[in-house]
Each structure stands twice: as structure tokens, then as C-alpha cells.
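Raw run.cif, mmCIF, C-alpha atoms (C1' of nucleotides):
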data_coords
loop_
_atom_site.label_atom_id
_atom_site.label_comp_id
_atom_site.auth_asym_id
_atom_site.auth_seq_id
_atom_site.Cartn_x
_atom_site.Cartn_y
_atom_site.Cartn_z
CA MET I 47 76.98 230.03 147.10
CA LYS I 48 75.08 233.29 146.98
CA ILE I 49 72.69 233.85 144.14
CA HIS I 50 70.94 237.01 143.09
CA LYS I 51 67.45 237.78 141.91
CA ARG I 52 68.73 238.62 138.45
CA GLN I 53 70.31 235.18 138.11
CA VAL I 54 67.04 233.53 139.03
CA ILE I 55 65.29 235.37 136.23
CA ASP I 56 68.03 234.74 133.70
CA VAL I 57 68.22 231.05 134.49
CA ALA I 58 64.45 230.81 134.28
CA LEU I 59 64.55 232.45 130.85
CA ALA I 60 67.21 230.04 129.66
CA LEU I 61 65.24 227.10 130.96
CA LEU I 62 62.12 228.39 129.23
CA ASP I 63 63.92 228.48 125.90
CA GLU I 64 65.28 224.99 126.23
CA GLN I 65 62.41 223.13 127.83
CA GLY I 66 59.28 225.20 127.34
CA LEU I 67 56.78 226.60 129.79
CA SER I 68 55.48 223.25 130.98
CA GLU I 69 58.94 222.25 132.17
CA LEU I 70 59.63 225.52 133.93
CA GLN I 71 59.53 224.27 137.51
CA MET I 72 60.93 225.87 140.60
CA ARG I 73 62.98 222.75 141.27
CA ALA I 74 64.45 222.88 137.77
CA VAL I 75 65.40 226.54 138.13
CA ALA I 76 66.95 225.88 141.51
CA SER I 77 68.85 222.90 140.23
CA ARG I 78 70.52 225.03 137.56
CA LEU I 79 71.68 227.40 140.26
CA ASP I 80 72.99 224.52 142.39
CA VAL I 81 70.59 225.40 145.09
CA GLN I 82 67.53 223.91 146.76
CA ALA I 83 64.12 224.93 145.45
CA SER I 84 63.26 226.49 148.79
CA ALA I 85 66.17 228.90 148.38
CA LEU I 86 64.38 230.62 145.52
CA TYR I 87 61.70 231.82 147.89
CA TRP I 88 64.18 234.12 149.53
CA HIS I 89 64.51 236.04 146.25
CA VAL I 90 61.04 235.69 144.88
CA ARG I 91 57.66 235.63 146.60
CA ASN I 92 56.37 232.72 144.55
CA LYS I 93 56.36 231.27 141.05
CA GLY I 94 53.82 233.84 139.97
CA GLU I 95 56.22 236.66 140.72
CA LEU I 96 58.94 234.92 138.76
CA LEU I 97 56.63 234.66 135.75
CA THR I 98 55.73 238.32 136.14
CA LEU I 99 59.37 239.33 136.12
CA MET I 100 60.02 237.22 133.06
CA ALA I 101 57.10 238.81 131.24
CA ALA I 102 58.30 242.26 132.21
CA HIS I 103 61.62 241.39 130.63
CA PHE I 104 59.93 240.80 127.26
CA TYR I 105 57.97 244.04 127.43
CA ASN I 106 60.97 246.09 128.49
CA ALA I 107 63.23 244.72 125.80
CA ALA I 108 60.74 245.85 123.18
CA LEU I 109 60.17 249.27 124.64
CA THR I 110 63.82 250.20 124.99
CA SER I 111 64.59 249.08 121.45
CA VAL I 112 62.36 251.69 119.86
CA PRO I 113 64.21 254.91 118.98
CA ASP I 114 63.00 258.34 120.06
CA GLY I 115 61.56 261.00 117.86
CA LEU I 116 59.25 258.95 115.69
CA ALA I 117 55.85 260.17 114.64
CA TRP I 118 53.15 258.27 116.48
CA ARG I 119 52.15 255.94 113.64
CA GLU I 120 55.76 255.07 113.02
CA TRP I 121 56.28 254.56 116.71
CA LEU I 122 53.36 252.15 117.01
CA LEU I 123 54.52 250.17 113.97
CA THR I 124 58.06 249.94 115.24
CA TYR I 125 56.97 249.05 118.74
CA GLY I 126 54.58 246.36 117.53
CA LYS I 127 57.29 244.73 115.46
CA ALA I 128 59.78 245.04 118.30
CA LEU I 129 57.41 243.42 120.77
CA ARG I 130 56.78 240.53 118.43
CA GLY I 131 60.52 240.19 117.94
CA SER I 132 61.11 240.19 121.65
CA LEU I 133 58.47 237.52 122.20
CA LEU I 134 59.65 235.32 119.35
CA GLY I 135 63.13 235.46 120.83
CA HIS I 136 61.97 233.06 123.51
CA ARG I 137 59.90 229.91 123.57
CA ASP I 138 56.32 230.02 124.88
CA SER I 139 56.81 233.65 125.83
CA ALA I 140 53.36 234.76 124.70
CA GLN I 141 51.66 232.06 126.72
CA LEU I 142 53.76 233.14 129.65
CA CYS I 143 52.65 236.76 129.24
CA ALA I 144 49.05 235.61 129.02
CA ILE I 145 49.13 233.86 132.37
CA ALA I 146 51.51 236.19 134.19
CA LYS I 147 49.94 238.93 136.21
CA PRO I 148 51.42 242.35 135.46
CA LEU I 149 53.70 243.90 138.03
CA ASP I 150 51.62 245.12 140.95
CA GLU I 151 53.70 248.25 141.01
CA ASP I 152 51.50 251.22 140.26
CA ALA I 153 49.63 250.52 137.04
CA ALA I 154 49.43 254.24 136.36
CA ALA I 155 53.20 254.56 136.40
CA ALA I 156 53.61 251.57 134.12
CA THR I 157 51.19 252.84 131.51
CA ASP I 158 52.81 256.23 131.83
CA ILE I 159 56.14 254.86 130.65
CA LEU I 160 54.43 252.93 127.93
CA THR I 161 52.52 255.86 126.49
CA ARG I 162 55.09 258.60 127.01
CA PRO I 163 56.56 258.36 123.50
CA LEU I 164 53.09 258.62 122.02
CA VAL I 165 52.17 261.58 124.18
CA LEU I 166 55.38 263.30 123.17
CA ALA I 167 54.41 262.65 119.57
CA GLY I 168 51.22 264.57 120.08
CA LEU I 169 48.53 262.12 121.16
CA SER I 170 46.40 262.65 124.22
CA ARG I 171 46.99 260.23 127.09
CA HIS I 172 43.61 258.68 126.55
CA VAL I 173 44.06 258.06 122.84
CA ALA I 174 47.65 256.94 123.32
CA LEU I 175 46.67 254.29 125.83
CA SER I 176 43.78 253.18 123.69
CA TYR I 177 45.90 252.72 120.55
CA GLN I 178 48.72 251.18 122.50
CA SER I 179 46.36 248.62 124.01
CA SER I 180 45.18 247.53 120.60
CA VAL I 181 48.71 247.14 119.27
CA ILE I 182 49.90 245.15 122.26
CA SER I 183 46.80 242.97 122.14
CA LEU I 184 47.33 242.18 118.50
CA VAL I 185 50.95 241.24 119.07
CA LEU I 186 50.24 239.12 122.12
CA GLY I 187 47.39 237.25 120.47
CA TRP I 188 49.35 236.80 117.28
CA CYS I 189 52.39 235.36 119.02
CA ILE I 190 50.25 232.96 121.00
CA TYR I 191 49.15 231.39 117.73
CA GLU I 192 52.53 231.72 116.09
CA GLN I 193 54.20 229.93 118.99
CA SER I 194 51.56 227.24 119.22
CA GLU I 195 53.20 223.92 118.47
CA VAL I 196 50.08 222.49 116.92
CA LEU I 197 49.28 225.43 114.69
CA HIS I 198 52.69 226.70 113.76
CA ASP I 199 53.59 224.34 110.95
CA TYR I 200 50.23 224.51 109.26
CA LEU I 201 49.88 228.28 109.52
CA ALA I 202 53.42 228.80 108.35
CA ARG I 203 52.51 226.98 105.16
CA VAL I 204 49.25 228.73 104.32
CA ILE I 205 50.11 232.25 105.43
CA GLY I 206 53.48 233.87 105.78
CA PHE I 207 53.77 234.80 109.43
CA ASP I 208 55.93 237.85 108.82
CA GLU I 209 53.92 239.08 105.89
CA SER I 210 50.49 238.53 107.42
CA PHE I 211 51.47 240.07 110.74
CA THR I 212 52.79 243.15 109.00
CA THR I 213 49.58 243.39 107.02
CA GLY I 214 47.44 243.27 110.15
CA LEU I 215 49.55 245.67 112.16
CA THR I 216 49.89 248.12 109.32
CA ALA I 217 46.18 248.01 108.64
CA MET I 218 45.41 248.80 112.24
CA VAL I 219 47.88 251.61 112.63
CA THR I 220 47.03 253.29 109.35
CA GLY I 221 43.35 252.80 110.11
CA PHE I 222 43.51 254.71 113.40
CA PRO I 223 41.70 258.05 113.10
CA MET D 281 25.08 207.16 137.32
CA LYS D 282 26.07 207.57 133.69
CA ILE D 283 27.52 210.84 132.57
CA HIS D 284 28.18 212.08 129.08
CA LYS D 285 31.03 213.99 127.50
CA ARG D 286 28.81 217.02 126.98
CA GLN D 287 28.04 217.18 130.69
CA VAL D 288 31.72 217.13 131.52
CA ILE D 289 32.29 220.15 129.31
CA ASP D 290 29.24 222.01 130.56
CA VAL D 291 30.10 221.42 134.19
CA ALA D 292 33.66 222.51 133.53
CA LEU D 293 32.39 225.71 131.94
CA ALA D 294 30.14 226.40 134.90
CA LEU D 295 32.99 225.78 137.30
CA LEU D 296 35.22 228.10 135.30
CA ASP D 297 32.72 230.92 135.63
CA GLU D 298 32.32 230.48 139.35
CA GLN D 299 35.84 229.70 140.48
CA GLY D 300 38.20 230.77 137.71
CA LEU D 301 40.81 228.87 135.77
CA SER D 302 43.09 228.22 138.72
CA GLU D 303 40.33 226.32 140.52
CA LEU D 304 39.36 224.26 137.51
CA GLN D 305 40.58 220.88 138.71
CA MET D 306 39.62 217.46 137.51
CA ARG D 307 38.56 216.54 141.02
CA ALA D 308 36.32 219.59 141.21
CA VAL D 309 34.67 218.81 137.90
CA ALA D 310 34.16 215.20 138.92
CA SER D 311 32.74 216.18 142.28
CA ARG D 312 30.04 218.26 140.59
CA LEU D 313 29.04 215.23 138.59
CA ASP D 314 28.97 213.03 141.69
CA VAL D 315 31.68 210.91 140.27
CA GLN D 316 35.31 210.08 140.99
CA ALA D 317 37.99 212.07 139.18
CA SER D 318 39.22 208.94 137.48
CA ALA D 319 35.83 208.51 135.83
CA LEU D 320 36.43 211.60 133.73
CA TYR D 321 39.26 209.86 131.93
CA TRP D 322 36.78 207.56 130.29
CA HIS D 323 35.24 210.55 128.51
CA VAL D 324 38.27 212.69 128.00
CA ARG D 325 41.87 211.81 127.26
CA ASN D 326 43.30 214.26 129.78
CA LYS D 327 42.80 217.75 131.18
CA GLY D 328 44.34 219.23 128.08
CA GLU D 329 41.62 217.79 125.90
CA LEU D 330 38.98 219.17 128.23
CA LEU D 331 40.50 222.64 127.93
CA THR D 332 40.62 222.25 124.17
CA LEU D 333 36.93 221.37 124.04
CA MET D 334 36.08 224.33 126.24
CA ALA D 335 38.05 226.67 124.00
CA ALA D 336 36.35 225.25 120.92
CA HIS D 337 33.04 226.08 122.56
CA PHE D 338 33.98 229.78 122.72
CA TYR D 339 35.13 229.86 119.11
CA ASN D 340 32.07 228.03 117.84
CA ALA D 341 29.61 230.20 119.70
CA ALA D 342 31.09 233.25 118.00
CA LEU D 343 31.18 231.75 114.53
CA THR D 344 27.60 230.53 114.51
CA SER D 345 26.29 233.86 115.76
CA VAL D 346 27.42 235.75 112.67
CA PRO D 347 24.72 236.00 109.99
CA ASP D 348 25.33 235.04 106.40
CA GLY D 349 25.59 237.34 103.44
CA LEU D 350 27.72 240.10 104.90
CA ALA D 351 30.39 241.84 102.89
CA TRP D 352 33.81 240.79 104.12
CA ARG D 353 34.63 243.89 106.12
CA GLU D 354 31.26 243.73 107.81
CA TRP D 355 31.76 240.06 108.44
CA LEU D 356 35.14 240.57 110.11
CA LEU D 357 33.79 243.37 112.29
CA THR D 358 30.81 241.33 113.36
CA TYR D 359 32.86 238.25 113.97
CA GLY D 360 35.43 240.13 116.01
CA LYS D 361 32.78 241.61 118.24
CA ALA D 362 31.02 238.26 118.53
CA LEU D 363 34.21 236.50 119.56
CA ARG D 364 34.92 239.10 122.20
CA GLY D 365 31.34 238.74 123.41
CA SER D 366 31.68 235.00 123.57
CA LEU D 367 34.90 235.22 125.54
CA LEU D 368 33.63 237.86 127.95
CA GLY D 369 30.66 235.61 128.64
CA HIS D 370 32.94 233.40 130.70
CA ARG D 371 35.62 234.01 133.27
CA ASP D 372 39.29 233.55 132.32
CA SER D 373 38.21 232.30 128.90
CA ALA D 374 40.95 234.12 127.00
CA GLN D 375 43.67 232.71 129.24
CA LEU D 376 42.13 229.31 128.70
CA CYS D 377 42.25 229.76 124.91
CA ALA D 378 45.85 230.86 125.19
CA ILE D 379 46.98 227.69 126.93
CA ALA D 380 44.63 225.24 125.21
CA LYS D 381 45.96 223.48 122.19
CA PRO D 382 43.59 223.66 119.21
CA LEU D 383 41.70 220.54 118.27
CA ASP D 384 44.08 218.13 116.61
CA GLU D 385 41.41 217.37 114.07
CA ASP D 386 42.65 218.43 110.66
CA ALA D 387 43.80 222.03 110.87
CA ALA D 388 42.98 222.52 107.22
CA ALA D 389 39.34 221.60 107.79
CA ALA D 390 39.10 223.91 110.79
CA THR D 391 40.48 226.92 108.97
CA ASP D 392 38.24 226.04 106.07
CA ILE D 393 35.12 226.51 108.17
CA LEU D 394 36.54 229.67 109.63
CA THR D 395 37.33 231.33 106.33
CA ARG D 396 34.39 230.06 104.27
CA PRO D 397 32.24 233.16 104.85
CA LEU D 398 35.10 235.38 103.76
CA VAL D 399 35.80 233.32 100.68
CA LEU D 400 32.12 233.46 99.76
CA ALA D 401 32.35 237.22 100.16
CA GLY D 402 35.05 237.33 97.53
CA LEU D 403 38.41 237.05 99.28
CA SER D 404 41.02 234.53 98.27
CA ARG D 405 41.69 231.77 100.77
CA HIS D 406 45.11 233.14 101.48
CA VAL D 407 43.95 236.68 102.17
CA ALA D 408 40.93 235.46 104.11
CA LEU D 409 43.06 233.40 106.46
CA SER D 410 45.53 236.21 106.85
CA TYR D 411 42.89 238.80 107.79
CA GLN D 412 41.05 236.35 109.95
CA SER D 413 44.22 235.58 111.88
CA SER D 414 44.77 239.22 112.66
CA VAL D 415 41.23 239.73 113.87
CA ILE D 416 41.26 236.67 116.09
CA SER D 417 44.66 237.63 117.47
CA LEU D 418 43.47 241.10 118.35
CA VAL D 419 40.41 239.77 120.13
CA LEU D 420 42.29 237.09 122.03
CA GLY D 421 45.01 239.45 123.17
CA TRP D 422 42.52 242.13 124.05
CA CYS D 423 40.39 239.83 126.17
CA ILE D 424 43.42 238.54 128.01
CA TYR D 425 44.06 242.06 129.26
CA GLU D 426 40.40 242.86 129.74
CA GLN D 427 39.91 239.78 131.88
CA SER D 428 43.08 240.31 133.86
CA GLU D 429 42.11 240.86 137.48
CA VAL D 430 45.01 243.15 138.14
CA LEU D 431 44.58 245.34 135.08
CA HIS D 432 40.83 245.40 134.66
CA ASP D 433 39.86 248.07 137.14
CA TYR D 434 42.61 250.46 136.18
CA LEU D 435 42.14 250.07 132.45
CA ALA D 436 38.38 250.36 132.76
CA ARG D 437 38.90 253.77 134.32
CA VAL D 438 41.37 255.23 131.84
CA ILE D 439 40.02 253.75 128.63
CA GLY D 440 36.55 252.54 127.85
CA PHE D 441 36.93 248.87 127.01
CA ASP D 442 34.05 248.78 124.56
CA GLU D 443 34.98 252.02 122.87
CA SER D 444 38.70 251.34 122.61
CA PHE D 445 38.21 247.82 121.36
CA THR D 446 35.85 249.02 118.68
CA THR D 447 38.35 251.67 117.68
CA GLY D 448 41.13 249.13 117.30
CA LEU D 449 39.08 246.55 115.48
CA THR D 450 37.52 249.09 113.16
CA ALA D 451 40.89 250.60 112.38
CA MET D 452 42.29 247.23 111.46
CA VAL D 453 39.40 246.11 109.30
CA THR D 454 39.04 249.40 107.44
CA GLY D 455 42.80 249.54 107.05
CA PHE D 456 43.01 246.19 105.27
CA PRO D 457 43.86 246.70 101.59
"C1'" DA T 30 30.63 200.16 128.57
"C1'" DC T 31 31.47 202.88 132.43
"C1'" DC T 32 32.75 203.77 137.19
"C1'" DT T 33 35.26 203.03 141.99
"C1'" DG T 34 39.13 203.11 145.07
"C1'" DA T 35 43.49 203.29 145.92
"C1'" DA T 36 47.73 204.45 144.64
"C1'" DC T 37 51.85 207.04 142.32
"C1'" DA T 38 54.65 210.77 140.67
"C1'" DC T 39 55.15 215.35 140.78
"C1'" DC T 40 55.10 220.17 142.09
"C1'" DG T 41 54.63 224.60 144.72
"C1'" DT T 42 55.36 226.09 149.15
"C1'" DT T 43 56.55 226.34 154.20
"C1'" DC T 44 59.51 226.35 158.08
"C1'" DA T 45 62.64 225.19 161.53
"C1'" DA T 46 67.34 224.83 161.53
"C1'" DG T 47 71.77 225.80 160.05
"C1'" DT T 48 75.86 229.22 158.58
"C1'" DA A 223 71.28 237.68 155.20
"C1'" DC A 224 70.75 233.56 152.78
"C1'" DC A 225 70.48 228.58 152.25
"C1'" DT A 226 69.42 223.40 153.59
"C1'" DG A 227 66.49 219.51 154.45
"C1'" DA A 228 62.54 217.66 155.32
"C1'" DA A 229 57.97 217.85 155.17
"C1'" DC A 230 52.93 219.00 153.64
"C1'" DA A 231 49.04 219.74 150.69
"C1'" DC A 232 47.53 219.23 146.34
"C1'" DC A 233 46.78 217.69 141.65
"C1'" DG A 234 46.85 214.98 137.25
"C1'" DT A 235 46.88 210.42 135.99
"C1'" DT A 236 46.88 205.23 136.06
"C1'" DC A 237 45.01 200.79 136.78
"C1'" DA A 238 43.14 196.78 138.67
"C1'" DA A 239 38.80 195.71 140.13
"C1'" DG A 240 34.03 196.08 140.24
"C1'" DT A 241 29.02 196.35 137.87
#
Show me the file's structure as C-alpha cells.
Amino acid sequence: MKIHKRQVIDVALALLDEQGLSELQMRAVASRLDVQASALYWHVRNKGELLTLMAAHFYNAALTSVPDGLAWREWLLTYGKALRGSLLGHRDSAQLCAIAKPLDEDAAAATDILTRPLVLAGLSRHVALSYQSSVISLVLGWCIYEQSEVLHDYLARVIGFDESFTTGLTAMVTGFP
Amino acid sequence: MKIHKRQVIDVALALLDEQGLSELQMRAVASRLDVQASALYWHVRNKGELLTLMAAHFYNAALTSVPDGLAWREWLLTYGKALRGSLLGHRDSAQLCAIAKPLDEDAAAATDILTRPLVLAGLSRHVALSYQSSVISLVLGWCIYEQSEVLHDYLARVIGFDESFTTGLTAMVTGFP
DNA sequence: ACCTGAACACCGTTCAAGT
DNA sequence: ACCTGAACACCGTTCAAGT
């Protein structure tokens, strides 16, 4: 039975949600596709590339969900919340993003797409990339803790995740010069 | 030859710096101590605990380096920079923190130590923990990207790491209500 | 108490061979 | 072009046995 690259990614994402990152094995992905593990290597260079593609999925989902035409502070707020939402939509996604190497496709092109809305809203490329980096970093770091099995329950009790995240993100974005 | 838990951690940290996280294997750590890999399991429950202890080392180094008596905004700024400095002092340290589970010692006690300086500076425990979480998240996320082999060179060219990080951290801390 | 030596289970990856 | 089947190297971990 023929399988496609897209299916490999989708099955891997489903497996991640159900079993977590530690149980995301090539054999497990293959088994869900009724295929041998070695078959995956026709579609994907190695496990690292699969993780990269999965991470790209999280980033893309956030980016495309933000509407056009926002002022840059609004855009950064909306994007930050969207990225957190995208990550929290899957299990262990932030850890995955932390260990996945970014796509080796031209980094310049990637950051170009990422900063375009901000540049259109009037920021210079340099400032846009700088602000964007801070927002993404905050979200990634935050979700790593929020998704941590050990910390989650305790932190959820003493701080409200939603409320505290919004406070931090808002502080940063309104604090930008 | 007898070895001690501290040596295991120190050797692991040295190995991390030289070879990176992917080459941090129990056998490699043991070999440096002229000991069999199985001997490590007398001192450490498993590799996960070793990673946890290494991560705790990074967090502790930052915390103890911040002087007493600062106003809370100053404290957060100093701590944020210190934590980034501590992480950048070792290779792949942010990735390590992202995958290491926190110490299973009482989470309440741990956050207590972390927020004490802020509480002494006049913040409520709730607000202190909330702000602290945002700062730590920003630093962790930031260092993950800064230490990424693939991204580092490109990002270093288009943004200044030091300058952009300071911008983001300062914006957040001054933006806190 | 602390370490050795050998073993086990598991996992990513390769590759010749099939269709 | 795309998959199978078998194999290999490697790694975390266990455990009886030593001292």
C-alpha cells in the first residue's frame, strides 16, 4: 500500500498526542501505517527530519491563523497567543520544537515570511525580527513549562496559566520601544 | 576507585561542553571516570536524574549570582541576564533544561526559593511567581534558539543576540504592571 | 558500600532484494 | 518508484557476583 509523506507526518502527530514524545518511535509510526519501519526512510531522511516537519506544522498553523492588517503590537499579541494555542493543541509539542532543528531551507526566506506582517505594519526588518524572536522565545519557553508533567499541576494551582501568560506577553509587547 | 555523585555531575557537564547533548551517554560519562556504565546507577537513579541535576546546576548558578537588596524590576532584569549567562556557559544547556524534568523535591519549596527575593522586594507570592515564570520562559526559549547550531550563525548576523535579548527582557520587565 | 561483567530489550538506520 | 526482511550498531538499564 502506498503511503505519502503527509500521512507520515499526520500519523506521527497523532501518535505524539496519544503517547507522548518518548513513545514516538519510527517503528510505532510505521506500524500505524501498516508498513515496515524501513519504509519510512523512503519518505523522510531520518527521524530528525520528521521532527522538523512536525515542528514546522506547529509554527505554520499559528502564522496562518493571524489575520492581516493588524498594527504591529496587535499582530505580535495575536501571534503569540496563536502560537501558544497551536502548541497546546498537541502533547509535548514545545519539547519537540526545542529539540527539532529548523528546516534547512533558506533561513533568510523563513524569517522573511515570519516578519513580513510586521514589516508591512511599519517596522524595519531588523526590529521586526528582534521583536519576533522575543515573542517566539517567550511562547516556546512558557509552553515547555506548561506542558511539563511534573510542573503542570503545581503551577496550575498557584498561577493561572492563561492569565499569567497574557500578563507576560502583554508586558513585553507594550514594553517594546 | 570510589567516585562521588558530584563527580558524576561535573564529568557529565564537561562532556556536554565538549561533545554536545547527543553524545552525552552513560557509557561516555562512566568511561571518563574509569568506571563501568553500570557503576553510575549506584549514584544516580537513571539518566533522567542526571539530566535533572545538570539542569538544576544551571538554575542555581544563576540564582546565587544575583545580589540581595535589589528592587523587583532590577532583580528580574539581573536574574534574567544571569540565567542566560549561566546557560550560554555550557553547550546545549537550554535543550537539556527543556527535556529534563525538574527535581521532584517539593515544587512548593523550589518556587519558594525562587520567588523569595521578589517577595522581599514587595511583590505578592502570586505575582512574583507569575512574573518569574515569564522571565524564565523568555530566557529558556531564547537560549534554545541562540544555541541552535542551524540558526545561530544566521541570527547572529541579522540581529545582535545580546542587544535583542536585552530589548526583549527589558520590555517585558518594564511592561509589568 | 560500591563496582565489575555480562547480558537484555530496544531503537534508529542501512541495504540488498523484491514488486 | 516504493516497500520488505533481515541485519547492525548503539544505548539505557539490570543483576548476580565480586571486593
Take the PyMOL selection byres ((chain D) within 8 of (chain I)), apply it to the structure above, and return the hits as a ChimeraX atom specification. /D:375,378-379,381-382,384,387-388,406,409-411,413-414,416-422,424-425,428,430-431,434,438-439,444-445,447-457
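Separating atom CA of Leu61 of chain I from atom CA of Gln193 of chain I is a distance of 16.5 Å.
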Given the PyMOL selection byres ((chain I) within 8 of (chain T)) and the file above, list the residues it selects as a list in words. Gln71, Met72, Ser84 and Lys93 of chain I
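Taking atom CA of Gly300 of chain D and atom CA of Gly94 of chain I as endpoints, the distance between them is 16.1 Å.
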Box time for segment 116-119 of chain I: axis-aligned, enclosing all its listed atoms, 4 Å extra on each side; report centre and edge lengths in Å to one decimal, as AutoDock Vina command-line options.
--center_x 55.7 --center_y 258.1 --center_z 115.1 --size_x 15.1 --size_y 12.2 --size_z 10.8
Selection near Val81 of chain I, 10 Å with all atoms listed in the file, sequence-local residues under 3 positions removed, as a VMD selection string: (chain I and resid 47 to 49 73 to 78 84 to 86) or (chain A and resid 225 to 226)
When you look at Pro397 of chain D with a cut-off of 12 Å (counting all atoms listed in the file), what residues show up, excluding the ones that are within fewer than 2 positions of it in the same chain? I need them as a PyMOL selection string. chain D and resi 343-344+346-356+358-359+391-395+399-405+408-409+412
Would you export the selected residues with C-alpha atoms as a short mmCIF file (atom, residue, chain, number, x, y, z; two decimals), in the coordinates of the input, please?
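Result saved to out20.cif:
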data_model
loop_
_atom_site.label_atom_id
_atom_site.label_comp_id
_atom_site.auth_asym_id
_atom_site.auth_seq_id
_atom_site.Cartn_x
_atom_site.Cartn_y
_atom_site.Cartn_z
CA LEU D 343 31.18 231.75 114.53
CA THR D 344 27.60 230.53 114.51
CA VAL D 346 27.42 235.75 112.67
CA PRO D 347 24.72 236.00 109.99
CA ASP D 348 25.33 235.04 106.40
CA GLY D 349 25.59 237.34 103.44
CA LEU D 350 27.72 240.10 104.90
CA ALA D 351 30.39 241.84 102.89
CA TRP D 352 33.81 240.79 104.12
CA ARG D 353 34.63 243.89 106.12
CA GLU D 354 31.26 243.73 107.81
CA TRP D 355 31.76 240.06 108.44
CA LEU D 356 35.14 240.57 110.11
CA THR D 358 30.81 241.33 113.36
CA TYR D 359 32.86 238.25 113.97
CA THR D 391 40.48 226.92 108.97
CA ASP D 392 38.24 226.04 106.07
CA ILE D 393 35.12 226.51 108.17
CA LEU D 394 36.54 229.67 109.63
CA THR D 395 37.33 231.33 106.33
CA VAL D 399 35.80 233.32 100.68
CA LEU D 400 32.12 233.46 99.76
CA ALA D 401 32.35 237.22 100.16
CA GLY D 402 35.05 237.33 97.53
CA LEU D 403 38.41 237.05 99.28
CA SER D 404 41.02 234.53 98.27
CA ARG D 405 41.69 231.77 100.77
CA ALA D 408 40.93 235.46 104.11
CA LEU D 409 43.06 233.40 106.46
CA GLN D 412 41.05 236.35 109.95
#
Atom CA of Phe104 of chain I and atom CA of Arg52 of chain I, how far apart in Å?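 The value is 14.4 Å.
Note on the selection: in this file the PyMOL selection byres ((chain I and resi 132) around 8) comes out as Phe104, Tyr105, Ala107, Ala108, Ala128, Leu129, Arg130, Gly131, Leu133, Leu134, Gly135 and His136 of chain I.
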